[in-house]
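Shown next: protein-v4.pdb, given as PDB, C-alpha atoms and all ligand atoms.
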```pdb
ATOM      1  CA  MET A 124     -41.760 -18.428  19.848  1.00  0.00           C
ATOM      2  CA  PRO A 125     -43.274 -15.621  17.744  1.00  0.00           C
ATOM      3  CA  ASP A 126     -46.964 -16.007  16.895  1.00  0.00           C
ATOM      4  CA  LEU A 127     -48.584 -15.589  13.479  1.00  0.00           C
ATOM      5  CA  LYS A 128     -48.896 -11.795  13.929  1.00  0.00           C
ATOM      6  CA  THR A 129     -45.145 -11.338  14.245  1.00  0.00           C
ATOM      7  CA  THR A 130     -43.422  -8.955  11.847  1.00  0.00           C
ATOM      8  CA  LEU A 131     -40.146 -10.813  12.327  1.00  0.00           C
ATOM      9  CA  HIS A 132     -39.982 -12.423   8.905  1.00  0.00           C
ATOM     10  CA  VAL A 133     -41.127  -9.393   6.947  1.00  0.00           C
ATOM     11  CA  ASP A 134     -38.619  -7.290   8.922  1.00  0.00           C
ATOM     12  CA  MET A 135     -35.855  -9.742   8.004  1.00  0.00           C
ATOM     13  CA  LEU A 136     -36.872  -9.643   4.344  1.00  0.00           C
ATOM     14  CA  ASN A 137     -36.895  -5.839   4.375  1.00  0.00           C
ATOM     15  CA  ARG A 138     -33.454  -5.713   5.998  1.00  0.00           C
ATOM     16  CA  TYR A 139     -32.163  -8.057   3.284  1.00  0.00           C
ATOM     17  CA  ARG A 140     -33.715  -5.840   0.560  1.00  0.00           C
ATOM     18  CA  ARG A 141     -32.143  -2.684   2.057  1.00  0.00           C
ATOM     19  CA  ARG A 142     -28.730  -4.381   2.160  1.00  0.00           C
ATOM     20  CA  ARG A 143     -29.143  -5.525  -1.449  1.00  0.00           C
ATOM     21  CA  ALA A 144     -30.171  -2.007  -2.538  1.00  0.00           C
ATOM     22  CA  SER A 145     -27.137  -0.478  -0.858  1.00  0.00           C
ATOM     23  CA  LEU A 146     -24.866  -3.072  -2.473  1.00  0.00           C
ATOM     24  CA  VAL A 147     -26.286  -2.152  -5.900  1.00  0.00           C
ATOM     25  CA  ALA A 148     -25.697   1.553  -5.088  1.00  0.00           C
ATOM     26  CA  ARG A 149     -22.097   0.799  -4.053  1.00  0.00           C
ATOM     27  CA  VAL A 150     -21.432  -1.110  -7.286  1.00  0.00           C
ATOM     28  CA  VAL A 151     -22.938   1.746  -9.360  1.00  0.00           C
ATOM     29  CA  ARG A 152     -20.716   4.286  -7.510  1.00  0.00           C
ATOM     30  CA  ALA A 153     -17.604   2.124  -7.997  1.00  0.00           C
ATOM     31  CA  VAL A 154     -18.269   1.735 -11.750  1.00  0.00           C
ATOM     32  CA  ALA A 155     -18.907   5.506 -12.110  1.00  0.00           C
ATOM     33  CA  LYS A 156     -15.631   6.257 -10.280  1.00  0.00           C
ATOM     34  CA  GLU A 157     -13.756   3.840 -12.547  1.00  0.00           C
ATOM     35  CA  LEU A 158     -15.225   5.441 -15.695  1.00  0.00           C
ATOM     36  CA  LYS A 159     -14.378   8.960 -14.458  1.00  0.00           C
ATOM     37  CA  GLY A 160     -10.762   7.824 -14.114  1.00  0.00           C
ATOM     38  CA  GLU A 161      -9.253   7.256 -10.706  1.00  0.00           C
ATOM     39  CA  VAL A 162      -5.601   8.058  -9.979  1.00  0.00           C
ATOM     40  CA  TYR A 163      -3.356   4.980 -10.228  1.00  0.00           C
ATOM     41  CA  GLY A 164      -1.955   4.261  -6.775  1.00  0.00           C
ATOM     42  CA  LEU A 165      -4.819   5.425  -4.569  1.00  0.00           C
ATOM     43  CA  ALA A 166      -5.429   1.767  -3.742  1.00  0.00           C
ATOM     44  CA  TRP A 167      -2.194   1.926  -1.681  1.00  0.00           C
ATOM     45  CA  GLY A 168      -3.839   4.545   0.513  1.00  0.00           C
ATOM     46  CA  ASP A 169      -5.244   7.994  -0.070  1.00  0.00           C
ATOM     47  CA  PRO A 170      -3.398  10.767   1.820  1.00  0.00           C
ATOM     48  CA  GLU A 171      -6.773  12.556   2.000  1.00  0.00           C
ATOM     49  CA  THR A 172      -8.263   9.816   4.174  1.00  0.00           C
ATOM     50  CA  VAL A 173      -5.526   7.563   5.631  1.00  0.00           C
ATOM     51  CA  GLU A 174      -4.345   9.185   8.848  1.00  0.00           C
ATOM     52  CA  SER A 175      -0.646   8.194   8.685  1.00  0.00           C
ATOM     53  CA  LEU A 176      -0.403   9.421   5.076  1.00  0.00           C
ATOM     54  CA  ARG A 177      -2.289  12.620   5.871  1.00  0.00           C
ATOM     55  CA  PHE A 178       0.262  13.243   8.624  1.00  0.00           C
ATOM     56  CA  ILE A 179       3.159  12.780   6.172  1.00  0.00           C
ATOM     57  CA  ARG A 180       1.453  15.107   3.688  1.00  0.00           C
ATOM     58  CA  ASP A 181       0.818  17.799   6.310  1.00  0.00           C
ATOM     59  CA  ARG A 182       4.250  17.646   7.947  1.00  0.00           C
ATOM     60  CA  TYR A 183       6.666  16.692   5.152  1.00  0.00           C
ATOM     61  CA  VAL A 184       5.029  18.002   1.976  1.00  0.00           C
ATOM     62  CA  LEU A 185       2.571  20.892   2.194  1.00  0.00           C
ATOM     63  CA  PRO A 186       4.723  23.240   4.361  1.00  0.00           C
ATOM     64  CA  TYR A 187       7.416  23.189   1.650  1.00  0.00           C
ATOM     65  CA  VAL A 188       5.251  24.022  -1.363  1.00  0.00           C
ATOM     66  CA  LYS A 189       6.128  27.516  -2.621  1.00  0.00           C
ATOM     67  CA  ALA A 190       5.403  29.080  -5.998  1.00  0.00           C
ATOM     68  CA  GLU A 191       8.921  30.582  -6.163  1.00  0.00           C
ATOM     69  CA  HIS A 192      10.582  27.170  -5.608  1.00  0.00           C
ATOM     70  CA  SER A 193      11.422  24.190  -7.835  1.00  0.00           C
ATOM     71  CA  ALA A 194      10.629  20.618  -6.836  1.00  0.00           C
ATOM     72  CA  LEU A 195      11.488  17.159  -8.088  1.00  0.00           C
ATOM     73  CA  GLU A 196       9.574  13.944  -7.465  1.00  0.00           C
ATOM     74  CA  ILE A 197      11.110  10.500  -8.008  1.00  0.00           C
ATOM     75  CA  GLY A 198       8.750   7.659  -8.971  1.00  0.00           C
ATOM     76  CA  PRO A 199       5.481   9.622  -9.151  1.00  0.00           C
ATOM     77  CA  GLY A 200       3.291   6.707 -10.335  1.00  0.00           C
ATOM     78  CA  GLY A 201      -0.173   7.994 -11.210  1.00  0.00           C
ATOM     79  CA  GLY A 202       0.276  11.160  -9.153  1.00  0.00           C
ATOM     80  CA  ARG A 203      -1.026  10.159  -5.720  1.00  0.00           C
ATOM     81  CA  TRP A 204       1.479  12.651  -4.190  1.00  0.00           C
ATOM     82  CA  THR A 205       2.236  14.737  -7.301  1.00  0.00           C
ATOM     83  CA  ARG A 206      -1.114  16.498  -6.897  1.00  0.00           C
ATOM     84  CA  TYR A 207       0.224  18.127  -3.696  1.00  0.00           C
ATOM     85  CA  LEU A 208       3.331  19.375  -5.501  1.00  0.00           C
ATOM     86  CA  LEU A 209       1.543  21.241  -8.292  1.00  0.00           C
ATOM     87  CA  GLY A 210       1.893  24.552  -6.404  1.00  0.00           C
ATOM     88  CA  PHE A 211       5.658  24.661  -6.991  1.00  0.00           C
ATOM     89  CA  GLY A 212       6.780  27.069  -9.709  1.00  0.00           C
ATOM     90  CA  ARG A 213       8.552  24.247 -11.528  1.00  0.00           C
ATOM     91  CA  LEU A 214       8.010  20.523 -11.000  1.00  0.00           C
ATOM     92  CA  TYR A 215      10.263  17.776 -12.373  1.00  0.00           C
ATOM     93  CA  VAL A 216       8.755  14.279 -12.293  1.00  0.00           C
ATOM     94  CA  VAL A 217      11.336  11.549 -12.799  1.00  0.00           C
ATOM     95  CA  ASP A 218      10.569   7.889 -13.401  1.00  0.00           C
ATOM     96  CA  TYR A 219      12.388   4.874 -14.814  1.00  0.00           C
ATOM     97  CA  TYR A 220       9.310   3.607 -16.682  1.00  0.00           C
ATOM     98  CA  ALA A 221       8.024   5.492 -19.718  1.00  0.00           C
ATOM     99  CA  GLU A 222       4.600   3.823 -19.353  1.00  0.00           C
ATOM    100  CA  VAL A 223       4.265   5.265 -15.844  1.00  0.00           C
ATOM    101  CA  ILE A 224       5.223   8.731 -17.058  1.00  0.00           C
ATOM    102  CA  ASP A 225       2.506   8.435 -19.726  1.00  0.00           C
ATOM    103  CA  GLU A 226      -0.014   7.495 -17.041  1.00  0.00           C
ATOM    104  CA  LEU A 227       0.995  10.501 -14.932  1.00  0.00           C
ATOM    105  CA  ARG A 228       0.745  12.806 -17.945  1.00  0.00           C
ATOM    106  CA  ARG A 229      -2.786  11.496 -18.520  1.00  0.00           C
ATOM    107  CA  ASN A 230      -3.743  12.733 -15.027  1.00  0.00           C
ATOM    108  CA  TYR A 231      -1.589  15.844 -14.704  1.00  0.00           C
ATOM    109  CA  ASN A 232      -0.152  17.623 -17.688  1.00  0.00           C
ATOM    110  CA  LYS A 233       0.671  21.152 -16.624  1.00  0.00           C
ATOM    111  CA  PRO A 234       2.912  23.624 -18.460  1.00  0.00           C
ATOM    112  CA  HIS A 235       5.208  24.013 -15.434  1.00  0.00           C
ATOM    113  CA  MET A 236       5.905  20.258 -15.252  1.00  0.00           C
ATOM    114  CA  GLU A 237       8.915  18.469 -16.788  1.00  0.00           C
ATOM    115  CA  PHE A 238       8.423  14.743 -17.394  1.00  0.00           C
ATOM    116  CA  ILE A 239      11.740  12.885 -17.310  1.00  0.00           C
ATOM    117  CA  LYS A 240      12.463   9.233 -18.026  1.00  0.00           C
ATOM    118  CA  ASN A 241      15.745   8.383 -16.315  1.00  0.00           C
ATOM    119  CA  ASN A 242      18.173   5.446 -16.212  1.00  0.00           C
ATOM    120  CA  GLY A 243      17.318   4.331 -12.695  1.00  0.00           C
ATOM    121  CA  THR A 244      19.278   6.699 -10.454  1.00  0.00           C
ATOM    122  CA  ASP A 245      20.005   9.892 -12.411  1.00  0.00           C
ATOM    123  CA  PHE A 246      18.420  13.266 -13.146  1.00  0.00           C
ATOM    124  CA  PRO A 247      19.008  13.984 -16.827  1.00  0.00           C
ATOM    125  CA  ALA A 248      18.339  17.593 -17.857  1.00  0.00           C
ATOM    126  CA  VAL A 249      18.059  18.792 -14.257  1.00  0.00           C
ATOM    127  CA  GLY A 250      20.517  21.608 -13.501  1.00  0.00           C
ATOM    128  CA  ASP A 251      23.130  21.559 -10.728  1.00  0.00           C
ATOM    129  CA  GLN A 252      21.800  22.954  -7.422  1.00  0.00           C
ATOM    130  CA  SER A 253      18.458  23.843  -9.008  1.00  0.00           C
ATOM    131  CA  ILE A 254      16.034  21.952  -6.736  1.00  0.00           C
ATOM    132  CA  ASP A 255      14.584  23.397  -3.511  1.00  0.00           C
ATOM    133  CA  TYR A 256      12.517  20.361  -2.569  1.00  0.00           C
ATOM    134  CA  LEU A 257      12.956  16.730  -3.556  1.00  0.00           C
ATOM    135  CA  PHE A 258      10.349  14.098  -2.687  1.00  0.00           C
ATOM    136  CA  SER A 259       9.825  10.397  -3.168  1.00  0.00           C
ATOM    137  CA  PHE A 260       7.168   8.146  -1.710  1.00  0.00           C
ATOM    138  CA  GLY A 261       6.546   4.490  -2.497  1.00  0.00           C
ATOM    139  CA  ALA A 262       9.551   4.173  -4.816  1.00  0.00           C
ATOM    140  CA  PHE A 263      12.607   3.800  -2.530  1.00  0.00           C
ATOM    141  CA  VAL A 264      10.767   1.115  -0.541  1.00  0.00           C
ATOM    142  CA  HIS A 265      11.509  -1.153  -3.526  1.00  0.00           C
ATOM    143  CA  LEU A 266      15.050   0.046  -4.325  1.00  0.00           C
ATOM    144  CA  ASP A 267      18.106  -1.909  -3.180  1.00  0.00           C
ATOM    145  CA  VAL A 268      20.945  -0.206  -1.326  1.00  0.00           C
ATOM    146  CA  PRO A 269      23.270   0.336  -4.356  1.00  0.00           C
ATOM    147  CA  LEU A 270      20.454   2.117  -6.256  1.00  0.00           C
ATOM    148  CA  ILE A 271      19.665   4.279  -3.232  1.00  0.00           C
ATOM    149  CA  GLU A 272      23.363   5.175  -2.926  1.00  0.00           C
ATOM    150  CA  GLY A 273      23.404   6.072  -6.618  1.00  0.00           C
ATOM    151  CA  TYR A 274      20.372   8.313  -6.195  1.00  0.00           C
ATOM    152  CA  LEU A 275      21.831  10.011  -3.090  1.00  0.00           C
ATOM    153  CA  THR A 276      25.014  10.880  -4.989  1.00  0.00           C
ATOM    154  CA  ASN A 277      22.960  12.390  -7.804  1.00  0.00           C
ATOM    155  CA  MET A 278      20.672  14.233  -5.383  1.00  0.00           C
ATOM    156  CA  ARG A 279      23.727  15.973  -3.956  1.00  0.00           C
ATOM    157  CA  ARG A 280      24.268  17.464  -7.425  1.00  0.00           C
ATOM    158  CA  VAL A 281      20.733  18.770  -8.030  1.00  0.00           C
ATOM    159  CA  LEU A 282      19.622  19.819  -4.525  1.00  0.00           C
ATOM    160  CA  LYS A 283      20.302  23.447  -3.617  1.00  0.00           C
ATOM    161  CA  PRO A 284      22.335  24.016  -0.431  1.00  0.00           C
ATOM    162  CA  GLY A 285      19.688  24.404   2.275  1.00  0.00           C
ATOM    163  CA  GLY A 286      17.076  22.616   0.120  1.00  0.00           C
ATOM    164  CA  ASN A 287      15.034  19.756   1.551  1.00  0.00           C
ATOM    165  CA  ALA A 288      14.910  16.131   0.453  1.00  0.00           C
ATOM    166  CA  VAL A 289      12.167  13.863   1.826  1.00  0.00           C
ATOM    167  CA  ILE A 290      12.504  10.154   1.125  1.00  0.00           C
ATOM    168  CA  HIS A 291      10.163   7.336   2.132  1.00  0.00           C
ATOM    169  CA  TYR A 292      11.964   3.980   2.376  1.00  0.00           C
ATOM    170  CA  SER A 293      11.553   0.358   3.434  1.00  0.00           C
ATOM    171  CA  ASP A 294      12.047  -0.261   7.160  1.00  0.00           C
ATOM    172  CA  LYS A 295      12.861  -3.911   7.738  1.00  0.00           C
ATOM    173  CA  THR A 296      12.916  -3.408  11.521  1.00  0.00           C
ATOM    174  CA  LYS A 297       9.102  -3.490  11.113  1.00  0.00           C
ATOM    175  CA  ILE A 298       7.217  -6.754  10.781  1.00  0.00           C
ATOM    176  CA  MET A 299       5.028  -5.556   7.878  1.00  0.00           C
ATOM    177  CA  ALA A 300       8.149  -4.810   5.821  1.00  0.00           C
ATOM    178  CA  GLN A 301       9.686  -8.164   6.729  1.00  0.00           C
ATOM    179  CA  LEU A 302       6.538  -9.875   5.442  1.00  0.00           C
ATOM    180  CA  ASN A 303       6.560  -7.929   2.172  1.00  0.00           C
ATOM    181  CA  THR A 304       9.032  -9.566  -0.191  1.00  0.00           C
ATOM    182  CA  SER A 305       8.849  -6.639  -2.636  1.00  0.00           C
ATOM    183  CA  PHE A 306      10.318  -4.320   0.037  1.00  0.00           C
ATOM    184  CA  SER A 307      14.076  -3.804  -0.087  1.00  0.00           C
ATOM    185  CA  GLU A 308      16.556  -4.595   2.682  1.00  0.00           C
ATOM    186  CA  ASN A 309      16.822  -1.250   4.416  1.00  0.00           C
ATOM    187  CA  THR A 310      16.492   0.115   7.949  1.00  0.00           C
ATOM    188  CA  PRO A 311      16.643   3.599   9.524  1.00  0.00           C
ATOM    189  CA  GLU A 312      20.231   2.846  10.597  1.00  0.00           C
ATOM    190  CA  THR A 313      21.304   1.886   7.064  1.00  0.00           C
ATOM    191  CA  MET A 314      19.417   4.822   5.566  1.00  0.00           C
ATOM    192  CA  ARG A 315      20.989   7.301   8.005  1.00  0.00           C
ATOM    193  CA  SER A 316      24.492   6.104   7.230  1.00  0.00           C
ATOM    194  CA  MET A 317      23.887   6.255   3.446  1.00  0.00           C
ATOM    195  CA  VAL A 318      22.436   9.774   3.698  1.00  0.00           C
ATOM    196  CA  SER A 319      25.358  10.980   5.841  1.00  0.00           C
ATOM    197  CA  ALA A 320      27.961   9.253   3.625  1.00  0.00           C
ATOM    198  CA  ALA A 321      26.536  11.131   0.619  1.00  0.00           C
ATOM    199  CA  GLY A 322      27.326  14.416   2.392  1.00  0.00           C
ATOM    200  CA  PHE A 323      23.878  15.320   3.721  1.00  0.00           C
ATOM    201  CA  VAL A 324      22.731  16.460   7.151  1.00  0.00           C
ATOM    202  CA  ILE A 325      19.682  14.698   8.601  1.00  0.00           C
ATOM    203  CA  LEU A 326      17.024  17.161   9.776  1.00  0.00           C
ATOM    204  CA  GLU A 327      14.020  15.047  10.694  1.00  0.00           C
ATOM    205  CA  GLU A 328      12.799  11.448  10.701  1.00  0.00           C
ATOM    206  CA  ASP A 329       9.527   9.613  11.097  1.00  0.00           C
ATOM    207  CA  VAL A 330      10.001   5.978  12.080  1.00  0.00           C
ATOM    208  CA  THR A 331       6.654   5.489  13.823  1.00  0.00           C
ATOM    209  CA  SER A 332       3.753   6.627  11.608  1.00  0.00           C
ATOM    210  CA  MET A 333       3.888   3.814   9.076  1.00  0.00           C
ATOM    211  CA  TRP A 334       3.810   0.059   9.661  1.00  0.00           C
ATOM    212  CA  HIS A 335       6.310  -0.990   7.001  1.00  0.00           C
ATOM    213  CA  SER A 336       8.378   2.060   6.170  1.00  0.00           C
ATOM    214  CA  SER A 337       9.928   5.269   7.446  1.00  0.00           C
ATOM    215  CA  VAL A 338      10.612   8.789   6.211  1.00  0.00           C
ATOM    216  CA  ILE A 339      13.770  10.877   6.390  1.00  0.00           C
ATOM    217  CA  ARG A 340      14.305  14.585   5.622  1.00  0.00           C
ATOM    218  CA  PHE A 341      17.777  15.926   4.942  1.00  0.00           C
ATOM    219  CA  THR A 342      19.726  18.806   3.429  1.00  0.00           C
ATOM    220  CA  HIS A 343      23.306  19.865   2.667  1.00  0.00           C
TER     221      HIS A 343
HETATM  222  C1  LIG B   1       4.737   1.779  -6.003  1.00  0.00           C
HETATM  223  S1  LIG B   1       4.896   3.038  -7.178  1.00  0.00           S
HETATM  224  C2  LIG B   1       4.617   4.494  -6.199  1.00  0.00           C
HETATM  225  C3  LIG B   1       4.066   5.604  -7.019  1.00  0.00           C
HETATM  226  C4  LIG B   1       3.729   6.890  -6.278  1.00  0.00           C
HETATM  227  N1  LIG B   1       4.881   7.567  -5.765  1.00  0.00           N
HETATM  228  C5  LIG B   1       2.734   6.641  -5.169  1.00  0.00           C
HETATM  229  O1  LIG B   1       3.122   6.699  -4.000  1.00  0.00           O
HETATM  230  O2  LIG B   1       1.567   6.360  -5.485  1.00  0.00           O
HETATM  231  C6  LIG B   1       6.640   3.086  -7.515  1.00  0.00           C
HETATM  232  C7  LIG B   1       7.049   4.151  -8.488  1.00  0.00           C
HETATM  233  O3  LIG B   1       8.472   4.158  -8.594  1.00  0.00           O
HETATM  234  C8  LIG B   1       8.823   4.080  -9.968  1.00  0.00           C
HETATM  235  N2  LIG B   1      10.163   3.513 -10.036  1.00  0.00           N
HETATM  236  C9  LIG B   1      10.560   2.233  -9.867  1.00  0.00           C
HETATM  237  N3  LIG B   1      11.899   2.148  -9.951  1.00  0.00           N
HETATM  238  C10 LIG B   1      12.356   3.404 -10.166  1.00  0.00           C
HETATM  239  C11 LIG B   1      13.656   3.986 -10.326  1.00  0.00           C
HETATM  240  N4  LIG B   1      14.774   3.260 -10.276  1.00  0.00           N
HETATM  241  N5  LIG B   1      13.732   5.326 -10.537  1.00  0.00           N
HETATM  242  C12 LIG B   1      12.611   6.099 -10.609  1.00  0.00           C
HETATM  243  N6  LIG B   1      11.379   5.598 -10.460  1.00  0.00           N
HETATM  244  C13 LIG B   1      11.259   4.278 -10.239  1.00  0.00           C
HETATM  245  C14 LIG B   1       7.692   3.287 -10.592  1.00  0.00           C
HETATM  246  O4  LIG B   1       7.619   3.411 -11.989  1.00  0.00           O
HETATM  247  C15 LIG B   1       6.513   3.946  -9.884  1.00  0.00           C
HETATM  248  O5  LIG B   1       6.201   5.190 -10.437  1.00  0.00           O
END
```

Any chance you could put this one into structure tokens?
Amino acid sequence: MPDLKTTLHVDMLNRYRRRRASLVARVVRAVAKELKGEVYGLAWGDPETVESLRFIRDRYVLPYVKAEHSALEIGPGGGRWTRYLLGFGRLYVVDYYAEVIDELRRNYNKPHMEFIKNNGTDFPAVGDQSIDYLFSFGAFVHLDVPLIEGYLTNMRRVLKPGGNAVIHYSDKTKIMAQLNTSFSENTPETMRSMVSAAGFVILEEDVTSMWHSSVIRFTH
């Protein structure tokens, strides 16, 4: 039993005060970040800090960014991945929701970007065989098979021969996708057969980095 000279209780009080001070500092930082304007979507994971996403960025995105090439992103949201595509000479950002396009424009509004509101699976105002690199993350995980098939048919029109398409999709062979009711019924097997049926050649796949989804890269 500690005697009356013990510092135990004052130490405990000081530890509590330090914790409280750091909580106040954390709240102040969070409010400041909010006021500065954080990118919509970072709550799903920041590719700067989440290892699996950093891997996707470093292997499937950054090596393809070239100033002399044109890129197209489907379902950009607030720009969580768009920011890595800004180095392309021309960047089409295509989304079904006008509100989301407005949000993206608030974060990134560059002269070399084209903001396109589509009808769910198409690429209005994008020329035939004009795209070197096509990317989508976090959008196809919610799209049902007929919409994905529609997109693949339209991608065949806009992607240059030899160009690269990288699509992130729902993988219901994984438990975390099975538990997520907003994820569509898709698997690597289904995705492969849709991609091949649309006339593409599969170049690379990642079915292990993410817990609820997979990535496929293909060309024609
Ligand atoms: C979960 S958010 C992901 C946003 C962003 N790519 C990211 O990873 O942070 C889904 C995005 O897909 C868009 N989207 C949903 N259905 C779409 C469709 N049929 N065609 C194009 N975009 C669609 C949404 O508006 C939104 O931008």

Next item on the list: Within 6 Å of segment 195-207 of chain A, counting all atoms listed in the file, which residues show up once you throw out same-chain ones fewer than 3 positions away? Write them as a ChimeraX atom specification, please.
Entry: /A:162-163,214-218,223,226-227,257-259,262

Note to self: Please determine, counting all atoms listed in the file, which residue among A:Met333, A:Lys295, A:Val324, A:Thr244 has the shortest atom-to-atom distance to ligand LIG 1 (chain B).
What the structure shows: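 For ligand LIG 1 (chain B), the nearest of the candidates is A:Thr244.
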
Note to self: Need the shell around Lys297 of chain A: protein/DNA/RNA residues with any atom at most 8 Å away, counting all atoms listed in the file. Skip same-chain ones fewer than 2 positions apart. Format as a ChimeraX atom specification?
What the structure shows: /A:294-295,299-301,334-336

Item checked: Hits of the PyMOL selection byres (((chain A and resi 250) around 12) and not hetatm) in this structure, as a ChimeraX atom specification -> /A:193-195,215,245-249,251-255,277-283

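Coordinates place atom CA of Gly212 of chain A at a distance of 14.2 Å from atom CA of Asn232 of chain A.
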
Margin query: Within 12 Å of (21.7, 2.9, 5.5) (file coordinates; only C-alpha atoms), which protein or nucleic acid residues are there? I'd like them as a VMD selection string.
Written below: chain A and resid 267 to 272 275 292 to 295 307 to 321 339

Note to self: I'd like the interatomic distance between atom CA of Phe211 of chain A and atom CA of Thr331 of chain A, to a tenth of an Å.
What the structure shows: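 Interatomic distance, atom CA of Phe211 of chain A to atom CA of Thr331 of chain A: 28.3 Å.
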
Margin query: I'd like to know which of A:Tyr219, A:Phe341, A:Tyr139, A:Tyr256 is closest to ligand LIG 1 (chain B), using all atoms listed in the file.
Written below: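 The shortest atom-to-atom distance to ligand LIG 1 (chain B) comes from A:Tyr219.
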
Next item on the list: Record the distance separating atom CA of Gly286 of chain A and atom CA of Val338 of chain A, expressed in Å with one decimal.
Entry: 16.4 Å

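If only C-alpha atoms and all ligand atoms are the atoms counted, then among A:Val173, A:Leu165, A:Ile179, A:Leu209 the closest residue to ligand LIG 1 (chain B) is A:Leu165.
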
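Residue nearest Gly322 of chain A, chosen from A:Asn242, A:Ser305, A:Ser337, A:Thr342 and counting only C-alpha atoms: A:Thr342.
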
Around segment 236-242 of chain A, with edges along x, y and z and 8 Å added on all six sides, what centre and edge lengths do you get, in Å to one decimal, as lines of an AutoDock Vina configuration file?
```
center_x = 12.0
center_y = 12.9
center_z = -16.6
size_x = 28.3
size_y = 30.8
size_z = 18.8
```

Check: Smallest atom-to-atom distance to ligand LIG 1 (chain B): which of A:Asp169, A:Glu237, A:Glu161, A:Asp329, using all atoms listed in the file?
Finding: A:Asp169

Note to self: Calculated over only C-alpha atoms, which of the candidates A:Val188, A:Leu266, A:Glu327, A:Gly261 has the smallest distance to Leu176 of chain A?
What the structure shows: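 Of the candidates, the smallest distance to Leu176 of chain A is held by A:Gly261.
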